[in-house]
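K.L.:
So that we are looking at the same thing, I have put the structure below in structure tokens.
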Amino acid sequence: MEDVKVNPLPNQGAGDAIPYLDIPNPVPQDISPEITSIEHREEPLPSPLVATDSGFSESPPTRPIFLHQCGQCPSLPSFQSDCLKVCTWLRATNTNFHIFNHKLNFDGRFPMVDIGDVEICNSGQVLTDLTGQLNRDLDAELSDEQKILAFSLGSLIENTLAREHREWYRTKRADLIRAYKIDLRKSLKKILPNAILKVFFKNSSSKKPTTNQITVPESTVVLEMLSKLLSSKNYFFGQDIVSSLDVVAFAVLAPMLAIAGKVRYDPRDAVKQNFENLVAFVDRIKDRFYPDWEEMCSEGCEVNMNRLIECLIKS
């Protein structure tokens, strides 16, 4: 029998990362890492986890791709916009990848993408880095003016709506738990009762925002700009073209709209009351790139190690 070679992934401090396995034979059944979805299926059945109408080639990548994220909850694959943004970009470019859901943390560690021996960490340039590594550009069909607009508005969204949402869930932990119905035992990967974990989780919140507070008028102005640009189109730059701006806007708007109604959150109310086309836009992106939305949000979705090994060998 050939020796098994195990090359461990870098320690993410998240509690459930599993090693990258380079082996010719399957390992015993009792090894079952916690992974919430796999982006590869056996032929001839197409994968329900990969969009097939993105316009990109469906040829498999030469290097295995792993997305490390956190923030999974019953209503979202991740309520953290940075993670949802990368996941949506990979879906929109029809990229096969594997998802590792790590325990919840707010230190900016996630998302992180492993592409072969290349590690792309969370940053303001993460989509640009992915575009270069995978040679897939969502903005390739845009004019120069449209590319400038996509970049400018995307940056504006990140620095207003996304930042406000991030500061909200970092400082109002009690509201966060109720907003997304978070199971702390699962999210923090602890065996203590939820009642005890809630006490520690709430008390661990930052008492002071790390960035300047965004005012409601600023958020409203950004929402108005997005609504006017979208108008009656399916996506910001046309009926069929999905750009980086669509990805960034969806990744920020979806977590806002998913906040439970009993929790006060003014930007969510503004979108639902005044910008119906943005609400429809979020639903449109979900329907197109997330036919498995409920599966990705599921709390009990695990993948057998043998299936993971098969996917790695095919990659």
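Residues in the structure tokens are named by chain (A, B, ... in the order shown) and by number from 1 within that chain; ligands are numbered from 1 in the order shown.
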Excluding Val279 (chain A) and residues on its chain fewer than 3 positions from it, collect all residues at most 12 Å away from it, counting only C-alpha atoms, and give them as a tab-separated table (two decimals) with C-alpha atoms, in the first residue's frame.

P.N.:
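Output file selection-v7.tsv follows:
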```tsv
chain	number	residue	atom	x	y	z
A	223	LEU	CA	-28.81	53.58	-2.10
A	226	LEU	CA	-27.56	52.40	-6.95
A	227	SER	CA	-31.30	52.42	-7.52
A	230	LEU	CA	-30.05	49.94	-11.89
A	234	ASN	CA	-31.74	43.18	-14.45
A	249	ALA	CA	-23.83	45.33	-4.26
A	250	PHE	CA	-25.40	41.92	-3.74
A	252	VAL	CA	-23.80	44.07	0.95
A	253	LEU	CA	-27.54	44.30	0.27
A	254	ALA	CA	-28.34	40.62	0.90
A	255	PRO	CA	-27.15	40.61	4.56
A	256	MET	CA	-28.96	43.91	5.15
A	257	LEU	CA	-32.27	42.58	3.82
A	258	ALA	CA	-31.89	39.30	5.71
A	268	ARG	CA	-32.78	47.70	5.68
A	269	ASP	CA	-36.02	49.58	6.17
A	270	ALA	CA	-34.93	52.25	3.68
A	271	VAL	CA	-34.24	49.66	0.98
A	272	LYS	CA	-37.53	47.81	1.49
A	273	GLN	CA	-39.63	50.96	1.61
A	274	ASN	CA	-38.01	53.12	-1.08
A	275	PHE	CA	-35.95	50.97	-3.44
A	276	GLU	CA	-37.98	48.01	-4.63
A	282	VAL	CA	-30.97	40.70	-4.70
A	283	ASP	CA	-33.58	38.02	-5.43
A	284	ARG	CA	-32.43	37.88	-9.05
A	285	ILE	CA	-28.79	37.25	-8.12
A	286	LYS	CA	-29.83	34.56	-5.64
```

K.L.:
Taking 6 positions as the minimum chain separation for residues in the same chain, which residues sit within 7 Å of Val113 (chain A) when counting only C-alpha atoms? Answer as a list in words.

P.N.:
Phe66, Leu67, His68, Glu119, Ile120 and Cys121 of chain A

K.L.:
Skip Ser152 (chain A) itself and residues of its chain fewer than 3 positions away, then list as a PyMOL selection string all residues within 12 Å of it, counting only C-alpha atoms.

P.N.:
chain A and resi 145-149+155-159+222+225-226+244-245+248

K.L.:
For the residues selected in the previous step, produce a file with N, CA, C and O atoms as an mmCIF file, in the first residue's frame.

P.N.:
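For reference, result.cif as written:
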```cif
data_model
loop_
_atom_site.group_PDB
_atom_site.id
_atom_site.type_symbol
_atom_site.label_atom_id
_atom_site.label_comp_id
_atom_site.auth_asym_id
_atom_site.auth_seq_id
_atom_site.Cartn_x
_atom_site.Cartn_y
_atom_site.Cartn_z
ATOM 1 N N GLU A 145 -15.469 53.573 -19.461
ATOM 2 C CA GLU A 145 -16.277 54.412 -18.570
ATOM 3 C C GLU A 145 -17.052 53.561 -17.575
ATOM 4 O O GLU A 145 -17.158 53.900 -16.387
ATOM 5 N N GLN A 146 -17.592 52.443 -18.037
ATOM 6 C CA GLN A 146 -18.336 51.561 -17.158
ATOM 7 C C GLN A 146 -17.423 50.908 -16.122
ATOM 8 O O GLN A 146 -17.819 50.712 -14.969
ATOM 9 N N LYS A 147 -16.208 50.560 -16.520
ATOM 10 C CA LYS A 147 -15.260 49.980 -15.570
ATOM 11 C C LYS A 147 -14.923 50.979 -14.466
ATOM 12 O O LYS A 147 -14.823 50.610 -13.285
ATOM 13 N N ILE A 148 -14.750 52.231 -14.849
ATOM 14 C CA ILE A 148 -14.462 53.271 -13.846
ATOM 15 C C ILE A 148 -15.642 53.429 -12.897
ATOM 16 O O ILE A 148 -15.478 53.528 -11.674
ATOM 17 N N LEU A 149 -16.849 53.423 -13.455
ATOM 18 C CA LEU A 149 -18.052 53.559 -12.640
ATOM 19 C C LEU A 149 -18.215 52.360 -11.707
ATOM 20 O O LEU A 149 -18.569 52.518 -10.538
ATOM 21 N N SER A 155 -16.328 50.790 -4.566
ATOM 22 C CA SER A 155 -15.557 51.320 -3.434
ATOM 23 C C SER A 155 -16.444 52.131 -2.496
ATOM 24 O O SER A 155 -16.296 52.065 -1.264
ATOM 25 N N LEU A 156 -17.383 52.879 -3.071
ATOM 26 C CA LEU A 156 -18.298 53.679 -2.253
ATOM 27 C C LEU A 156 -19.189 52.787 -1.397
ATOM 28 O O LEU A 156 -19.410 53.058 -0.210
ATOM 29 N N ILE A 157 -19.678 51.709 -1.978
ATOM 30 C CA ILE A 157 -20.506 50.765 -1.224
ATOM 31 C C ILE A 157 -19.708 50.163 -0.064
ATOM 32 O O ILE A 157 -20.197 50.050 1.058
ATOM 33 N N GLU A 158 -18.477 49.774 -0.356
ATOM 34 C CA GLU A 158 -17.628 49.149 0.671
ATOM 35 C C GLU A 158 -17.375 50.103 1.828
ATOM 36 O O GLU A 158 -17.309 49.678 2.998
ATOM 37 N N ASN A 159 -17.230 51.385 1.526
ATOM 38 C CA ASN A 159 -16.844 52.354 2.547
ATOM 39 C C ASN A 159 -18.027 53.042 3.215
ATOM 40 O O ASN A 159 -17.816 53.897 4.096
ATOM 41 N N VAL A 222 -26.189 56.727 -1.143
ATOM 42 C CA VAL A 222 -25.596 55.604 -1.870
ATOM 43 C C VAL A 222 -26.691 54.701 -2.430
ATOM 44 O O VAL A 222 -26.623 54.259 -3.580
ATOM 45 N N MET A 225 -28.251 56.280 -5.477
ATOM 46 C CA MET A 225 -27.383 56.175 -6.651
ATOM 47 C C MET A 225 -27.489 54.792 -7.282
ATOM 48 O O MET A 225 -27.602 54.655 -8.509
ATOM 49 N N LEU A 226 -27.457 53.768 -6.441
ATOM 50 C CA LEU A 226 -27.556 52.403 -6.953
ATOM 51 C C LEU A 226 -28.909 52.151 -7.610
ATOM 52 O O LEU A 226 -28.998 51.535 -8.677
ATOM 53 N N SER A 244 -18.568 43.235 -11.607
ATOM 54 C CA SER A 244 -18.073 43.253 -10.229
ATOM 55 C C SER A 244 -18.956 44.120 -9.340
ATOM 56 O O SER A 244 -19.110 43.855 -8.147
ATOM 57 N N LEU A 245 -19.565 45.162 -9.922
ATOM 58 C CA LEU A 245 -20.460 46.018 -9.137
ATOM 59 C C LEU A 245 -21.683 45.235 -8.677
ATOM 60 O O LEU A 245 -22.140 45.406 -7.543
ATOM 61 N N VAL A 248 -20.529 43.086 -5.680
ATOM 62 C CA VAL A 248 -20.311 43.853 -4.450
ATOM 63 C C VAL A 248 -21.647 44.328 -3.879
ATOM 64 O O VAL A 248 -21.890 44.224 -2.663
#
```

K.L.:
Looking only at the backbone, which of the residues in region 53-251 of chain A does DSSP tag as strand (DSSP E), as a ChimeraX atom specification?

P.N.:
/A:65-69,98-101,112-115,118-120

K.L.:
Rounded to one decimal, what separation in Å do you get between CA of Thr220 (chain A) and CA of Gly124 (chain A)?

P.N.:
22.8 Å

K.L.:
Tell me, which residues of region 107-231 of chain A carry DSSP helix (DSSP H, G or I), written as a PyMOL selection string?

P.N.:
chain A and resi 126-134+144-171+173-180+184-187+194-203+216-230

K.L.:
Which residue, A:Leu176, A:Ala195, A:Ala251, A:Leu278, has the smallest gap to Thr88 (chain A) when you use only C-alpha atoms?

P.N.:
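Closest candidate: A:Ala251.
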
K.L.:
By how many Å are CA of Trp89 (chain A) and CA of Thr131 (chain A) apart?

P.N.:
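The value is 9.6 Å.
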
K.L.:
Which residue gives the smallest distance to Met112 (chain A) among A:Asp129, A:Glu218, A:Glu224, A:Asp266, with only C-alpha atoms counted?

P.N.:
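The closest residue to Met112 (chain A) is A:Asp129.
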
K.L.:
Contacts of Cys83 (chain A) at 7 Å or less, counting only C-alpha atoms, minus same-chain residues fewer than 4 places along, as a PyMOL selection string?

P.N.:
chain A and resi 69+78+87+110-111

K.L.:
Go through A:Ile182, A:Leu142, A:Val221, A:Cys297 one by one, measure the shortest atom-to-atom distance of each to Phe236 (chain A) using only C-alpha atoms, and give the residue with the smallest value.

P.N.:
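Comparing A:Ile182, A:Leu142, A:Val221, A:Cys297 against Phe236 (chain A), the winner is A:Leu142.
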
K.L.:
Between A:Asp183, A:Arg178, A:Ile99, A:Ser232, which has the minimum distance to Val86 (chain A) (counting only C-alpha atoms)?

P.N.:
A:Ile99

K.L.:
Taking 5 positions as the minimum chain separation for residues in the same chain, which residues sit within 10 Å of Gln72 (chain A) when counting only C-alpha atoms? Answer as a list of chain:residue names.

P.N.:
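Residues near the query, excluding close chain neighbours: A:Thr36, A:Pro77, A:Ser78, A:Phe79, A:Gln80, A:Cys83, A:Leu84, A:Asn101, A:His102, A:Lys103, A:Leu104, A:Tyr180, A:Ile182, A:Asp183, A:Lys186, A:Ser187, A:Met296, A:Cys297, A:Ser298, A:Glu299.
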